[in-house]
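**Q** target13.cif (mmCIF, C-alpha atoms and all ligand atoms) pasted underneath:
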data_query
loop_
_atom_site.label_atom_id
_atom_site.label_comp_id
_atom_site.auth_asym_id
_atom_site.auth_seq_id
_atom_site.Cartn_x
_atom_site.Cartn_y
_atom_site.Cartn_z
CA MET R 72 149.06 67.34 212.04
CA LYS R 73 149.34 70.83 213.43
CA ASN R 74 151.54 69.63 216.25
CA LYS R 75 153.88 67.88 213.84
CA LYS R 76 154.34 71.04 211.89
CA SER R 77 155.11 73.05 214.98
CA ILE R 78 157.72 70.47 216.01
CA GLY R 79 159.29 70.79 212.59
CA GLU R 80 159.30 74.54 212.91
CA TRP R 81 160.83 74.30 216.34
CA ALA R 82 163.59 72.07 214.99
CA LEU R 83 164.21 74.56 212.23
CA ILE R 84 164.48 77.42 214.72
CA GLN R 85 166.85 75.33 216.78
CA LYS R 86 168.99 74.63 213.71
CA PHE R 87 169.03 78.30 212.85
CA ARG R 88 170.12 79.15 216.39
CA LEU R 89 172.88 76.59 216.21
CA PHE R 90 174.06 78.05 212.95
CA ILE R 91 174.09 81.59 214.41
CA ASP R 92 175.94 80.27 217.47
CA LYS R 93 178.55 78.57 215.30
CA PHE R 94 178.91 81.67 213.18
CA LEU R 95 179.35 83.88 216.23
CA SER R 96 181.90 81.59 217.80
CA LEU R 97 183.81 81.48 214.53
CA PHE R 98 183.60 85.27 214.49
CA GLU R 99 185.00 85.35 218.00
CA LYS R 100 187.87 83.08 217.04
CA ARG R 101 188.74 84.59 213.68
CA PRO R 102 187.31 88.11 213.51
CA ILE R 103 189.82 89.46 210.99
CA LEU R 104 189.38 86.60 208.55
CA LEU R 105 185.61 86.89 208.67
CA MET R 106 185.65 90.67 208.38
CA THR R 107 187.96 90.34 205.37
CA ILE R 108 185.65 87.83 203.72
CA ILE R 109 182.59 89.98 204.42
CA SER R 110 184.34 93.13 203.14
CA ILE R 111 185.59 91.47 199.97
CA SER R 112 182.22 89.99 199.14
CA GLY R 113 180.63 93.36 199.92
CA ILE R 114 183.01 95.17 197.60
CA VAL R 115 182.49 92.60 194.85
CA THR R 116 178.69 92.87 195.15
CA ILE R 117 178.76 96.66 195.21
CA GLY R 118 181.19 96.67 192.30
CA PHE R 119 178.99 94.38 190.27
CA ASN R 120 175.97 96.54 191.06
CA MET R 121 177.80 99.77 190.27
CA ASN R 122 179.06 98.35 187.01
CA GLN R 123 175.52 97.48 186.00
CA LEU R 124 174.24 100.83 187.19
CA THR R 125 176.84 102.74 185.16
CA SER R 126 176.07 100.61 182.10
CA ARG R 127 172.41 101.51 182.52
CA ILE R 128 173.22 105.19 183.05
CA ILE R 129 175.46 105.21 179.96
CA GLU R 130 172.71 103.55 177.94
CA THR R 131 170.01 105.95 179.17
CA MET R 132 172.17 109.01 178.54
CA ALA R 133 173.25 107.74 175.13
CA LYS R 134 169.63 107.11 174.16
CA GLY R 135 168.64 110.57 175.38
CA ASN R 136 171.46 112.20 173.41
CA ALA R 137 170.69 110.23 170.25
CA ALA R 138 166.97 111.05 170.52
CA LEU R 139 167.76 114.73 170.93
CA TYR R 140 170.11 114.68 167.94
CA SER R 141 167.61 112.79 165.78
CA ASP R 142 164.72 115.10 166.74
CA THR R 143 166.86 118.17 166.11
CA LEU R 144 167.72 116.91 162.62
CA LYS R 145 164.06 116.27 161.85
CA ALA R 146 163.02 119.66 163.20
CA PHE R 147 165.77 121.27 161.19
CA ARG R 148 164.58 119.54 158.01
CA THR R 149 160.97 120.56 158.61
CA LEU R 150 162.05 124.12 159.27
CA TYR R 151 164.30 124.15 156.20
CA THR R 152 161.40 122.83 154.07
CA ARG R 153 158.87 125.34 155.39
CA GLU R 154 160.99 128.44 155.80
CA VAL R 155 163.47 128.09 152.93
CA VAL R 156 162.48 125.53 150.30
CA GLU R 157 158.82 126.45 149.97
CA ARG R 158 159.50 130.21 149.93
CA LEU R 159 162.27 129.99 147.35
CA ARG R 160 160.43 127.51 145.17
CA SER R 161 157.52 129.93 144.91
CA GLU R 162 160.11 132.48 143.72
CA GLY R 163 161.11 130.09 140.92
CA VAL R 164 164.30 128.74 142.53
CA GLU R 165 165.06 125.14 141.57
CA VAL R 166 165.16 122.64 144.46
CA THR R 167 167.07 119.51 143.44
CA HIS R 168 169.43 116.78 144.55
CA ASP R 169 172.11 117.87 142.07
CA TYR R 170 171.96 121.53 143.16
CA GLN R 171 175.75 121.81 143.02
CA GLU R 172 175.77 121.43 139.25
CA LYS R 173 172.95 123.90 138.68
CA GLU R 174 173.33 127.63 139.05
CA GLY R 175 171.01 129.19 141.64
CA ALA R 176 169.59 125.83 142.72
CA ILE R 177 169.27 124.77 146.37
CA PRO R 178 169.33 121.23 147.90
CA LEU R 179 166.19 119.19 148.56
CA PRO R 180 165.37 118.67 152.28
CA ALA R 181 166.44 114.98 152.07
CA THR R 182 169.62 115.91 150.24
CA PHE R 183 170.26 118.61 152.81
CA THR R 184 169.85 116.08 155.65
CA MET R 185 172.29 113.72 153.93
CA ILE R 186 175.00 116.35 153.49
CA LEU R 187 174.44 117.62 157.00
CA GLY R 188 175.01 114.06 158.27
CA LYS R 189 178.24 113.81 156.31
CA GLU R 190 179.38 117.19 157.56
CA VAL R 191 178.68 116.31 161.20
CA GLY R 192 180.50 113.00 160.69
CA ASN R 193 183.70 114.92 159.98
CA LEU R 194 183.52 116.73 163.34
CA PRO R 195 185.73 115.55 166.24
CA SER R 196 182.71 114.19 168.18
CA GLY R 197 182.45 111.58 165.42
CA GLY R 198 178.65 111.45 165.31
CA LYS R 199 177.17 110.27 162.03
CA THR R 200 173.74 110.34 160.42
CA ARG R 201 172.35 108.34 157.57
CA LEU R 202 169.13 108.68 155.57
CA TYR R 203 168.45 105.53 153.62
CA SER R 204 165.68 103.28 152.35
CA GLU R 205 165.01 100.18 150.31
CA TYR R 206 164.21 102.48 147.38
CA PRO R 207 167.13 104.78 146.80
CA PHE R 208 167.17 107.11 143.83
CA PRO R 209 169.41 105.78 141.04
CA TRP R 210 172.21 108.29 141.58
CA THR R 211 172.62 107.55 145.31
CA LYS R 212 176.04 105.96 145.87
CA ASP R 213 175.61 104.54 149.37
CA GLY R 214 171.86 103.93 149.26
CA GLY R 215 169.94 101.06 150.77
CA PRO R 216 170.59 99.22 154.02
CA ARG R 217 174.31 98.45 154.29
CA ASP R 218 174.62 96.18 157.31
CA ASP R 219 172.73 93.91 159.63
CA PHE R 220 171.54 96.72 161.90
CA GLU R 221 170.14 98.73 159.01
CA LYS R 222 168.29 95.72 157.62
CA LYS R 223 166.82 94.92 161.02
CA ALA R 224 165.90 98.56 161.59
CA LEU R 225 164.02 98.68 158.28
CA HIS R 226 162.19 95.48 159.09
CA PHE R 227 161.27 96.67 162.60
CA LEU R 228 160.30 100.25 161.73
CA LYS R 229 158.02 99.22 158.87
CA LYS R 230 155.86 97.57 161.55
CA ASN R 231 156.49 99.94 164.47
CA SER R 232 156.99 103.29 162.82
CA GLU R 233 156.40 105.31 165.99
CA LYS R 234 159.12 103.63 168.05
CA PRO R 235 162.88 104.05 167.71
CA PHE R 236 165.08 101.04 166.92
CA ILE R 237 168.19 101.13 169.10
CA SER R 238 171.34 99.10 169.40
CA ILE R 239 174.64 99.58 171.26
CA GLU R 240 177.35 97.91 169.22
CA LYS R 241 180.74 98.33 167.58
CA TYR R 242 180.62 100.69 164.59
CA GLY R 243 183.82 101.47 162.74
CA GLY R 244 185.77 99.84 165.58
CA ARG R 245 184.19 102.04 168.26
CA GLN R 246 181.48 101.16 170.75
CA SER R 247 178.51 103.28 169.58
CA ILE R 248 174.81 103.78 169.94
CA ARG R 249 172.80 103.39 166.74
CA TYR R 250 169.43 105.07 166.88
CA ALA R 251 167.03 104.64 163.95
CA THR R 252 163.61 106.25 163.45
CA ALA R 253 161.11 106.02 160.62
CA ASP R 254 160.82 108.82 158.06
CA ILE R 255 157.10 108.83 157.30
CA MET R 256 155.38 110.07 154.18
CA ARG R 257 153.22 113.12 154.77
CA PRO R 258 150.79 114.59 152.20
CA SER R 259 153.39 117.23 151.25
CA CYS R 260 155.93 114.49 150.33
CA ILE R 261 153.77 112.16 148.24
CA HIS R 262 153.28 114.15 145.03
CA CYS R 263 156.95 114.77 144.42
CA HIS R 264 158.02 111.20 145.31
CA ASN R 265 155.33 109.67 143.10
CA THR R 266 155.96 111.91 140.09
CA HIS R 267 159.71 112.42 140.09
CA PRO R 268 161.03 111.16 136.72
CA GLN R 269 163.62 108.96 138.36
CA THR R 270 161.62 107.75 141.34
CA PRO R 271 162.19 104.08 142.13
CA LYS R 272 158.57 103.65 143.33
CA ASN R 273 155.48 105.69 142.47
CA ASP R 274 152.65 104.46 144.65
CA TRP R 275 153.59 106.05 147.99
CA LYS R 276 150.71 106.68 150.40
CA LYS R 277 150.37 108.87 153.45
CA GLY R 278 151.84 107.12 156.51
CA ASP R 279 154.22 104.87 154.54
CA VAL R 280 157.70 104.53 155.91
CA ARG R 281 159.77 106.17 153.15
CA GLY R 282 163.09 105.62 154.81
CA ILE R 283 165.14 105.53 157.98
CA LEU R 284 166.95 108.33 159.73
CA GLU R 285 169.83 106.83 161.65
CA VAL R 286 172.03 108.55 164.19
CA ILE R 287 175.30 106.89 165.16
CA HIS R 288 177.11 108.21 168.18
CA PRO R 289 180.37 106.74 169.54
CA LEU R 290 180.30 106.07 173.28
CA ASP R 291 183.88 104.99 173.94
CA ASN R 292 185.03 108.32 175.44
CA PHE R 293 181.99 108.35 177.64
CA ILE R 294 182.54 104.73 178.67
CA ILE R 295 186.24 105.29 179.34
CA GLU R 296 185.45 108.29 181.52
CA THR R 297 182.77 106.53 183.58
CA ARG R 298 184.97 103.45 183.93
CA ALA R 299 187.78 105.68 185.19
CA GLY R 300 185.37 107.20 187.71
CA LEU R 301 184.26 103.73 188.73
CA LYS R 302 187.86 102.64 189.15
CA GLN R 303 188.55 105.63 191.37
CA THR R 304 185.50 104.88 193.53
CA PHE R 305 186.70 101.30 193.81
CA LEU R 306 190.18 102.33 194.82
CA LEU R 307 188.72 104.63 197.44
CA MET R 308 186.45 101.89 198.76
CA GLY R 309 189.33 99.42 198.80
CA THR R 310 191.59 101.85 200.65
CA ILE R 311 188.95 102.62 203.26
CA THR R 312 188.20 98.92 203.79
CA CYS R 313 191.88 97.97 203.98
CA SER R 314 192.58 100.73 206.52
CA GLY R 315 189.57 99.59 208.54
CA LEU R 316 190.79 96.01 208.49
CA ALA R 317 194.35 97.04 209.37
CA LEU R 318 193.04 99.05 212.31
CA LEU R 319 190.96 96.11 213.45
CA PHE R 320 193.98 93.86 213.08
CA LEU R 321 196.14 96.14 215.21
CA LEU R 322 193.41 96.51 217.81
CA THR R 323 192.79 92.78 218.18
CA GLY R 324 196.55 92.19 218.35
CA ARG R 325 196.78 94.66 221.18
CA LEU R 326 193.81 93.17 222.98
CA ARG R 327 195.29 89.70 222.60
CA LYS R 328 198.61 90.90 224.02
CA ARG R 329 196.87 92.50 226.96
CA ARG R 330 194.88 89.35 227.60
CA MET R 331 198.06 87.29 227.54
CA GLU R 332 199.69 89.68 230.00
CA LEU R 333 196.70 89.43 232.29
CA GLU R 334 196.76 85.66 232.02
CA ASP R 335 200.46 85.62 232.92
CA ALA R 336 199.83 87.85 235.91
CA LEU R 337 197.01 85.58 237.01
CA ARG R 338 199.22 82.52 236.68
CA LEU R 339 201.93 84.19 238.78
CA THR R 340 199.42 85.12 241.47
CA GLU R 341 198.12 81.59 241.49
CA GLU R 342 201.60 80.18 241.88
CA GLU R 343 202.26 82.60 244.72
CA HIS R 344 199.01 81.57 246.30
CA ILE R 345 199.96 77.91 246.10
CA LYS R 346 203.34 78.66 247.62
CA THR R 347 201.79 80.61 250.49
CA GLU R 348 199.32 77.83 251.06
CA SER R 349 202.05 75.19 251.33
CA ALA R 350 204.07 77.45 253.64
CA LEU R 351 200.98 77.83 255.76
CA LYS R 352 200.51 74.10 255.81
CA ASN R 353 204.15 73.65 256.89
CA ALA R 354 203.74 76.20 259.63
CA GLU R 355 200.61 74.42 260.79
CA ALA R 356 202.46 71.11 260.84
CA SER R 357 205.32 72.53 262.88
CA ARG R 358 202.84 74.17 265.23
CA ALA R 359 201.16 70.81 265.76
CA GLU R 360 204.55 69.26 266.36
CA THR R 361 205.48 71.94 268.87
CA GLU R 362 202.15 71.41 270.57
CA LYS R 363 202.76 67.71 270.72
CA ALA R 364 206.26 68.28 272.13
CA LEU R 365 204.81 70.72 274.63
CA LYS R 366 202.23 68.17 275.69
CA GLN R 367 204.94 65.58 276.10
CA ASN R 368 206.96 68.02 278.08
CA GLU R 369 204.00 68.73 280.29
CA GLU R 370 203.46 65.05 280.82
CA SER R 371 207.06 64.40 281.77
CA ARG R 372 206.91 67.44 284.02
CA LYS R 373 203.82 65.98 285.69
CA GLU R 374 205.57 62.64 285.96
CA LEU R 375 208.55 64.33 287.52
CA GLU R 376 206.26 66.17 289.86
CA ARG R 377 204.60 62.97 290.81
CA THR R 378 207.97 61.27 291.36
CA ASN R 379 209.06 64.31 293.26
CA LYS R 380 205.97 64.25 295.41
CA PHE R 381 206.48 60.59 296.03
CA MET R 382 210.14 61.12 296.88
CA VAL R 383 209.33 64.07 299.13
CA GLY R 384 206.63 61.95 300.75
CA ARG R 385 209.13 59.22 301.34
CA GLU R 386 211.62 61.65 302.75
CA LEU R 387 209.01 63.04 305.08
CA LYS R 388 207.99 59.57 306.06
CA MET R 389 211.63 58.72 306.61
CA MET R 390 212.06 61.80 308.71
CA GLU R 391 208.94 60.90 310.63
CA LEU R 392 210.18 57.38 311.00
CA LYS R 393 213.55 58.69 312.03
CA LYS R 394 211.82 60.92 314.60
CA GLU R 395 209.74 58.05 315.77
CA ASN R 396 212.81 55.91 315.93
CA LYS R 397 214.61 58.51 317.99
CA PHE R 398 211.62 58.81 320.25
CA LEU R 399 211.41 55.14 320.66
CA LYS R 400 215.13 54.93 321.24
CA THR R 401 214.97 57.61 323.87
CA SER R 402 211.95 56.10 325.52
CA LEU R 403 213.62 52.79 325.49
CA GLY R 404 216.84 54.28 326.71
CA LYS R 405 215.01 55.48 329.85
C1 LIG D 501 160.41 118.17 145.74
C2 LIG D 501 160.36 116.76 145.76
C3 LIG D 501 160.45 116.07 147.07
C4 LIG D 501 159.71 116.30 148.21
C5 LIG D 501 158.66 117.34 148.47
C6 LIG D 501 160.19 115.34 149.18
N1 LIG D 501 161.16 114.54 148.64
FE1 LIG D 501 162.14 113.08 149.54
N2 LIG D 501 163.43 112.96 147.99
C7 LIG D 501 163.33 113.58 146.83
C8 LIG D 501 164.50 113.33 146.02
C9 LIG D 501 164.75 113.84 144.63
C10 LIG D 501 165.32 112.49 146.79
C11 LIG D 501 166.67 111.97 146.45
C12 LIG D 501 167.65 112.91 147.18
C13 LIG D 501 169.11 112.60 147.03
O1 LIG D 501 169.45 111.46 146.75
O2 LIG D 501 169.90 113.51 147.29
C14 LIG D 501 164.59 112.24 148.03
C15 LIG D 501 165.08 111.40 149.03
C16 LIG D 501 164.32 111.05 150.13
C17 LIG D 501 164.72 110.02 151.05
C18 LIG D 501 165.97 109.17 150.95
C19 LIG D 501 165.70 107.92 150.20
C20 LIG D 501 166.94 107.12 149.90
O3 LIG D 501 166.83 105.88 150.00
O4 LIG D 501 167.97 107.70 149.61
C21 LIG D 501 163.75 109.97 151.97
C22 LIG D 501 163.71 109.04 153.15
C23 LIG D 501 162.79 110.98 151.65
N3 LIG D 501 163.15 111.62 150.50
C24 LIG D 501 161.67 111.23 152.39
C25 LIG D 501 160.85 112.34 152.15
C26 LIG D 501 159.80 112.78 153.06
C27 LIG D 501 159.43 112.05 154.34
C28 LIG D 501 159.29 113.91 152.53
C29 LIG D 501 158.20 114.76 153.16
C30 LIG D 501 158.44 115.28 154.49
C31 LIG D 501 159.97 114.18 151.30
N4 LIG D 501 160.91 113.22 151.11
C32 LIG D 501 159.71 115.23 150.48
C33 LIG D 501 162.29 114.42 146.47
C34 LIG D 501 161.37 114.97 147.37
#
Translate this file's structure into structure tokens.
**A**
Amino acid sequence: MKNKKSIGEWALIQKFRLFIDKFLSLFEKRPILLMTIISISGIVTIGFNMNQLTSRIIETMAKGNAALYSDTLKAFRTLYTREVVERLRSEGVEVTHDYQEKEGAIPLPATFTMILGKEVGNLPSGGKTRLYSEYPFPWTKDGGPRDDFEKKALHFLKKNSEKPFISIEKYGGRQSIRYATADIMRPSCIHCHNTHPQTPKNDWKKGDVRGILEVIHPLDNFIIETRAGLKQTFLLMGTITCSGLALLFLLTGRLRKRRMELEDALRLTEEEHIKTESALKNAEASRAETEKALKQNEESRKELERTNKFMVGRELKMMELKKENKFLKTSLGK
């Protein structure tokens, strides 16, 4: 069992090696193509990642900004209530929603928050605030939840009053963050809300969610700017990669040319070598021929010598015979 597994593992390792080998040989054959593919996929992956990262950064910053704005509004209302409303009320100043129609009257904290929201909405930054609930006072013109987000926010915050309800969506044609928090009834709020002659509900308790404070902040400028930055980074990355690839292309072209030159030179040398070899062979053949001719020469010389010797021998013999003949003749002549 164990052995089988190890064989399987071994086969797997072998396969992996083969794959790496194939990849490397492909890399050797087509380095530019592979580098281009790797670079493009790298850029696409990085781009995708950066896009997500910037979206997250935008979201985090937008949430932070909205939270700060919302908290500031709340702090401002608390401060206005404590430092202005309570002091003036004890001096007999009327604090009412319709303060504009009454001489010497000042706005209620909620009224003040509403008009502050409207005022801020007219500023170039375009931020808006809304204070609304399911129980608006009868004179409120734009009271109650007005769209899907506001309905959902009410539903959510009634159950989770300590958390914010956030959404990034189109508002008034602009991509915006909508940040809603619960406005909770404190002991100082209950008496007035339960006894006001025109109150829509008179059994408020401490801790009830009286309404929602919503901050709406457009993000399009922010998004456009980050996208522009992202585009620039991309362009830079693309330029660097393209120059790198071009350099690589030039370099491999040069190397290829040099290799071809070397190959040509090698071929020439080889041809020369072959030529020299055949010349050498020819020379060898003619040397052998000369040797053979020489040998033949020697042989015929020897033959001649032998004939010569024989002839000379005969001559000598003839001379001897002649001498002998003479001697015999003379001795006979006696
Ligand atoms: C002196 C009386 C009084 C006190 C105190 C008071 N309110 Fe109000 N509140 C009102 C009146 C009147 C309105 C209507 C204002 C308007 O429409 O301009 C209102 C409006 C609101 C609204 C908006 C409701 C809507 O649907 O339009 C909320 C939310 C709210 N109050 C919460 C609170 C909280 C929370 C406190 C305590 C921190 C508080 N109020 C203290 C009288 C009071």
**Q** Would you mind telling me which residue in R:Thr312, R:Thr211, R:Asn292, R:Gln367 lies nearest to ligand LIG 501 (chain D) when using all atoms listed in the file?
**A**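 Ranking R:Thr312, R:Thr211, R:Asn292, R:Gln367 by distance to ligand LIG 501 (chain D), first place goes to R:Thr211.
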**Q** Of the candidates R:Leu284, R:Leu306, R:Leu365, R:Ala137, which one gets nearest to Ile239 of chain R if we count all atoms listed in the file?
**A** R:Ala137
**Q** Between R:Pro235, R:Pro102, R:Gly215, R:Gly118, which has the minimum distance to Pro271 of chain R (counting all atoms listed in the file)?
**A**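 Among R:Pro235, R:Pro102, R:Gly215, R:Gly118, it is R:Gly215 that comes nearest to Pro271 of chain R.
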**Q** Please check which protein, DNA or RNA residues sit within 9 Å of ligand LIG 501 (chain D), counting only C-alpha atoms and all ligand atoms, and write them as a PyMOL selection string.
**A** chain R and resi 148-149+152+156+166-169+178-186+202-216+253-264+266-267+269-270+279-284
**Q** One number please: atom CA of Thr125 of chain R to atom CA of Gly300 of chain R, in Å, one decimal.
**A** 10.0 Å
**Q** Of the candidates R:Ile78, R:Ile91, R:Val383, R:Ile114, which shows the shortest atom-to-atom distance to Ile311 of chain R, using all atoms listed in the file?
**A**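 Selected residue with least distance to Ile311 of chain R: R:Ile114.
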**Q** For atom CA of Ile128 of chain R and atom CA of Ser196 of chain R, determine how far apart the two atoms are, in Å to one decimal place.
**A**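 Going from atom CA of Ile128 of chain R over to atom CA of Ser196 of chain R covers 19.8 Å.
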**Q** With only C-alpha atoms as the basis for distance, which of R:Lys100, R:Thr304, R:Val286, R:Leu95 is at the shortest distance from Gly188 of chain R?
**A**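 Smallest separation from Gly188 of chain R among the options: R:Val286.
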**Q** Measuring atom to atom with only C-alpha atoms, identify which of R:Gly192, R:Gly198, R:Gly384, R:Gly163 is nearest to Asp291 of chain R.
**A** R:Gly198
**Q** Just give me the gap between atom CA of Thr297 of chain R and atom CA of Met121 of chain R in Å, one decimal is fine.
**A**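 Atom CA of Met121 of chain R lies 10.7 Å from atom CA of Thr297 of chain R.
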**Q** Skipping near chain neighbours, those fewer than 3 positions away, what residues fall within 10 Å of Gln246 of chain R using only C-alpha atoms, listed as a ChimeraX atom specification?
**A** /R:239-243,249,288-294
**Q** For those residues, write C-alpha atoms to a file as an mmCIF file, in the frame of the given file.
**A**
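Result file follows (part.cif):
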data_model
loop_
_atom_site.group_PDB
_atom_site.id
_atom_site.type_symbol
_atom_site.label_atom_id
_atom_site.label_comp_id
_atom_site.auth_asym_id
_atom_site.auth_seq_id
_atom_site.Cartn_x
_atom_site.Cartn_y
_atom_site.Cartn_z
ATOM 1 C CA ILE R 239 174.640 99.580 171.260
ATOM 2 C CA GLU R 240 177.350 97.910 169.220
ATOM 3 C CA LYS R 241 180.740 98.330 167.580
ATOM 4 C CA TYR R 242 180.620 100.690 164.590
ATOM 5 C CA GLY R 243 183.820 101.470 162.740
ATOM 6 C CA ARG R 249 172.800 103.390 166.740
ATOM 7 C CA HIS R 288 177.110 108.210 168.180
ATOM 8 C CA PRO R 289 180.370 106.740 169.540
ATOM 9 C CA LEU R 290 180.300 106.070 173.280
ATOM 10 C CA ASP R 291 183.880 104.990 173.940
ATOM 11 C CA ASN R 292 185.030 108.320 175.440
ATOM 12 C CA PHE R 293 181.990 108.350 177.640
ATOM 13 C CA ILE R 294 182.540 104.730 178.670
#
**Q** Quick one: residues within 12 Å of segment 322-336 of chain R, all atoms listed in the file counted, chain neighbours fewer than 3 positions away excluded, as a PDB file with C-alpha atoms, in the coordinates of the input?
**A**
ATOM      1  CA  GLU R  99     185.000  85.350 218.000  1.00  0.00           C
ATOM      2  CA  LYS R 100     187.870  83.080 217.040  1.00  0.00           C
ATOM      3  CA  ARG R 101     188.740  84.590 213.680  1.00  0.00           C
ATOM      4  CA  PRO R 102     187.310  88.110 213.510  1.00  0.00           C
ATOM      5  CA  ILE R 103     189.820  89.460 210.990  1.00  0.00           C
ATOM      6  CA  LEU R 104     189.380  86.600 208.550  1.00  0.00           C
ATOM      7  CA  GLY R 315     189.570  99.590 208.540  1.00  0.00           C
ATOM      8  CA  LEU R 316     190.790  96.010 208.490  1.00  0.00           C
ATOM      9  CA  ALA R 317     194.350  97.040 209.370  1.00  0.00           C
ATOM     10  CA  LEU R 318     193.040  99.050 212.310  1.00  0.00           C
ATOM     11  CA  LEU R 319     190.960  96.110 213.450  1.00  0.00           C
ATOM     12  CA  LEU R 339     201.930  84.190 238.780  1.00  0.00           C
ATOM     13  CA  THR R 340     199.420  85.120 241.470  1.00  0.00           C
ATOM     14  CA  GLU R 341     198.120  81.590 241.490  1.00  0.00           C
ATOM     15  CA  GLU R 342     201.600  80.180 241.880  1.00  0.00           C
ATOM     16  CA  GLU R 343     202.260  82.600 244.720  1.00  0.00           C
TER      17      GLU R 343
END
**Q** Box in all listed atoms of segment 195-214 of chain R, axis-aligned, with 4 Å more on each side; write out centre and edge lengths in Å to one decimal as AutoDock Vina command-line options.
**A**
--center_x 175.0 --center_y 107.9 --center_z 154.6 --size_x 29.5 --size_y 23.4 --size_z 35.1
**Q** Generate a file for segment 287-302 of chain R, containing N, CA and C atoms, as a PDB file, in the first residue's frame.
**A**
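The result, stored in out_0.pdb:
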ATOM      1  N   ILE R 287     -25.544  62.128   3.564  1.00  0.00           N
ATOM      2  CA  ILE R 287     -25.333  61.677   2.180  1.00  0.00           C
ATOM      3  C   ILE R 287     -24.164  62.472   1.606  1.00  0.00           C
ATOM      4  N   HIS R 288     -23.157  61.736   1.170  1.00  0.00           N
ATOM      5  CA  HIS R 288     -21.980  62.433   0.662  1.00  0.00           C
ATOM      6  C   HIS R 288     -21.600  61.892  -0.714  1.00  0.00           C
ATOM      7  N   PRO R 289     -21.593  62.770  -1.739  1.00  0.00           N
ATOM      8  CA  PRO R 289     -21.234  62.277  -3.086  1.00  0.00           C
ATOM      9  C   PRO R 289     -19.758  61.880  -3.150  1.00  0.00           C
ATOM     10  N   LEU R 290     -19.490  60.802  -3.875  1.00  0.00           N
ATOM     11  CA  LEU R 290     -18.118  60.284  -3.943  1.00  0.00           C
ATOM     12  C   LEU R 290     -17.520  60.434  -5.330  1.00  0.00           C
ATOM     13  N   ASP R 291     -18.327  60.913  -6.298  1.00  0.00           N
ATOM     14  CA  ASP R 291     -17.839  60.864  -7.689  1.00  0.00           C
ATOM     15  C   ASP R 291     -16.512  61.575  -7.925  1.00  0.00           C
ATOM     16  N   ASN R 292     -16.330  62.763  -7.289  1.00  0.00           N
ATOM     17  CA  ASN R 292     -15.056  63.483  -7.483  1.00  0.00           C
ATOM     18  C   ASN R 292     -13.898  62.647  -6.968  1.00  0.00           C
ATOM     19  N   PHE R 293     -14.140  62.069  -5.808  1.00  0.00           N
ATOM     20  CA  PHE R 293     -13.149  61.233  -5.157  1.00  0.00           C
ATOM     21  C   PHE R 293     -12.809  60.024  -6.032  1.00  0.00           C
ATOM     22  N   ILE R 294     -13.881  59.403  -6.570  1.00  0.00           N
ATOM     23  CA  ILE R 294     -13.688  58.218  -7.414  1.00  0.00           C
ATOM     24  C   ILE R 294     -12.939  58.610  -8.686  1.00  0.00           C
ATOM     25  N   ILE R 295     -13.360  59.722  -9.294  1.00  0.00           N
ATOM     26  CA  ILE R 295     -12.722  60.161 -10.541  1.00  0.00           C
ATOM     27  C   ILE R 295     -11.228  60.390 -10.316  1.00  0.00           C
ATOM     28  N   GLU R 296     -10.924  61.042  -9.163  1.00  0.00           N
ATOM     29  CA  GLU R 296      -9.523  61.340  -8.889  1.00  0.00           C
ATOM     30  C   GLU R 296      -8.707  60.062  -8.670  1.00  0.00           C
ATOM     31  N   THR R 297      -9.243  59.134  -7.892  1.00  0.00           N
ATOM     32  CA  THR R 297      -8.477  57.894  -7.645  1.00  0.00           C
ATOM     33  C   THR R 297      -8.342  57.093  -8.926  1.00  0.00           C
ATOM     34  N   ARG R 298      -9.418  57.086  -9.734  1.00  0.00           N
ATOM     35  CA  ARG R 298      -9.353  56.345 -10.998  1.00  0.00           C
ATOM     36  C   ARG R 298      -8.274  56.950 -11.896  1.00  0.00           C
ATOM     37  N   ALA R 299      -8.197  58.299 -11.881  1.00  0.00           N
ATOM     38  CA  ALA R 299      -7.186  58.968 -12.708  1.00  0.00           C
ATOM     39  C   ALA R 299      -5.796  58.551 -12.237  1.00  0.00           C
ATOM     40  N   GLY R 300      -5.636  58.505 -10.898  1.00  0.00           N
ATOM     41  CA  GLY R 300      -4.347  58.082 -10.330  1.00  0.00           C
ATOM     42  C   GLY R 300      -4.025  56.661 -10.734  1.00  0.00           C
ATOM     43  N   LEU R 301      -5.051  55.828 -10.702  1.00  0.00           N
ATOM     44  CA  LEU R 301      -4.896  54.413 -11.050  1.00  0.00           C
ATOM     45  C   LEU R 301      -4.480  54.278 -12.519  1.00  0.00           C
ATOM     46  N   LYS R 302      -5.126  55.104 -13.357  1.00  0.00           N
ATOM     47  CA  LYS R 302      -4.839  55.076 -14.782  1.00  0.00           C
ATOM     48  C   LYS R 302      -3.376  55.452 -15.029  1.00  0.00           C
TER      49      LYS R 302
END
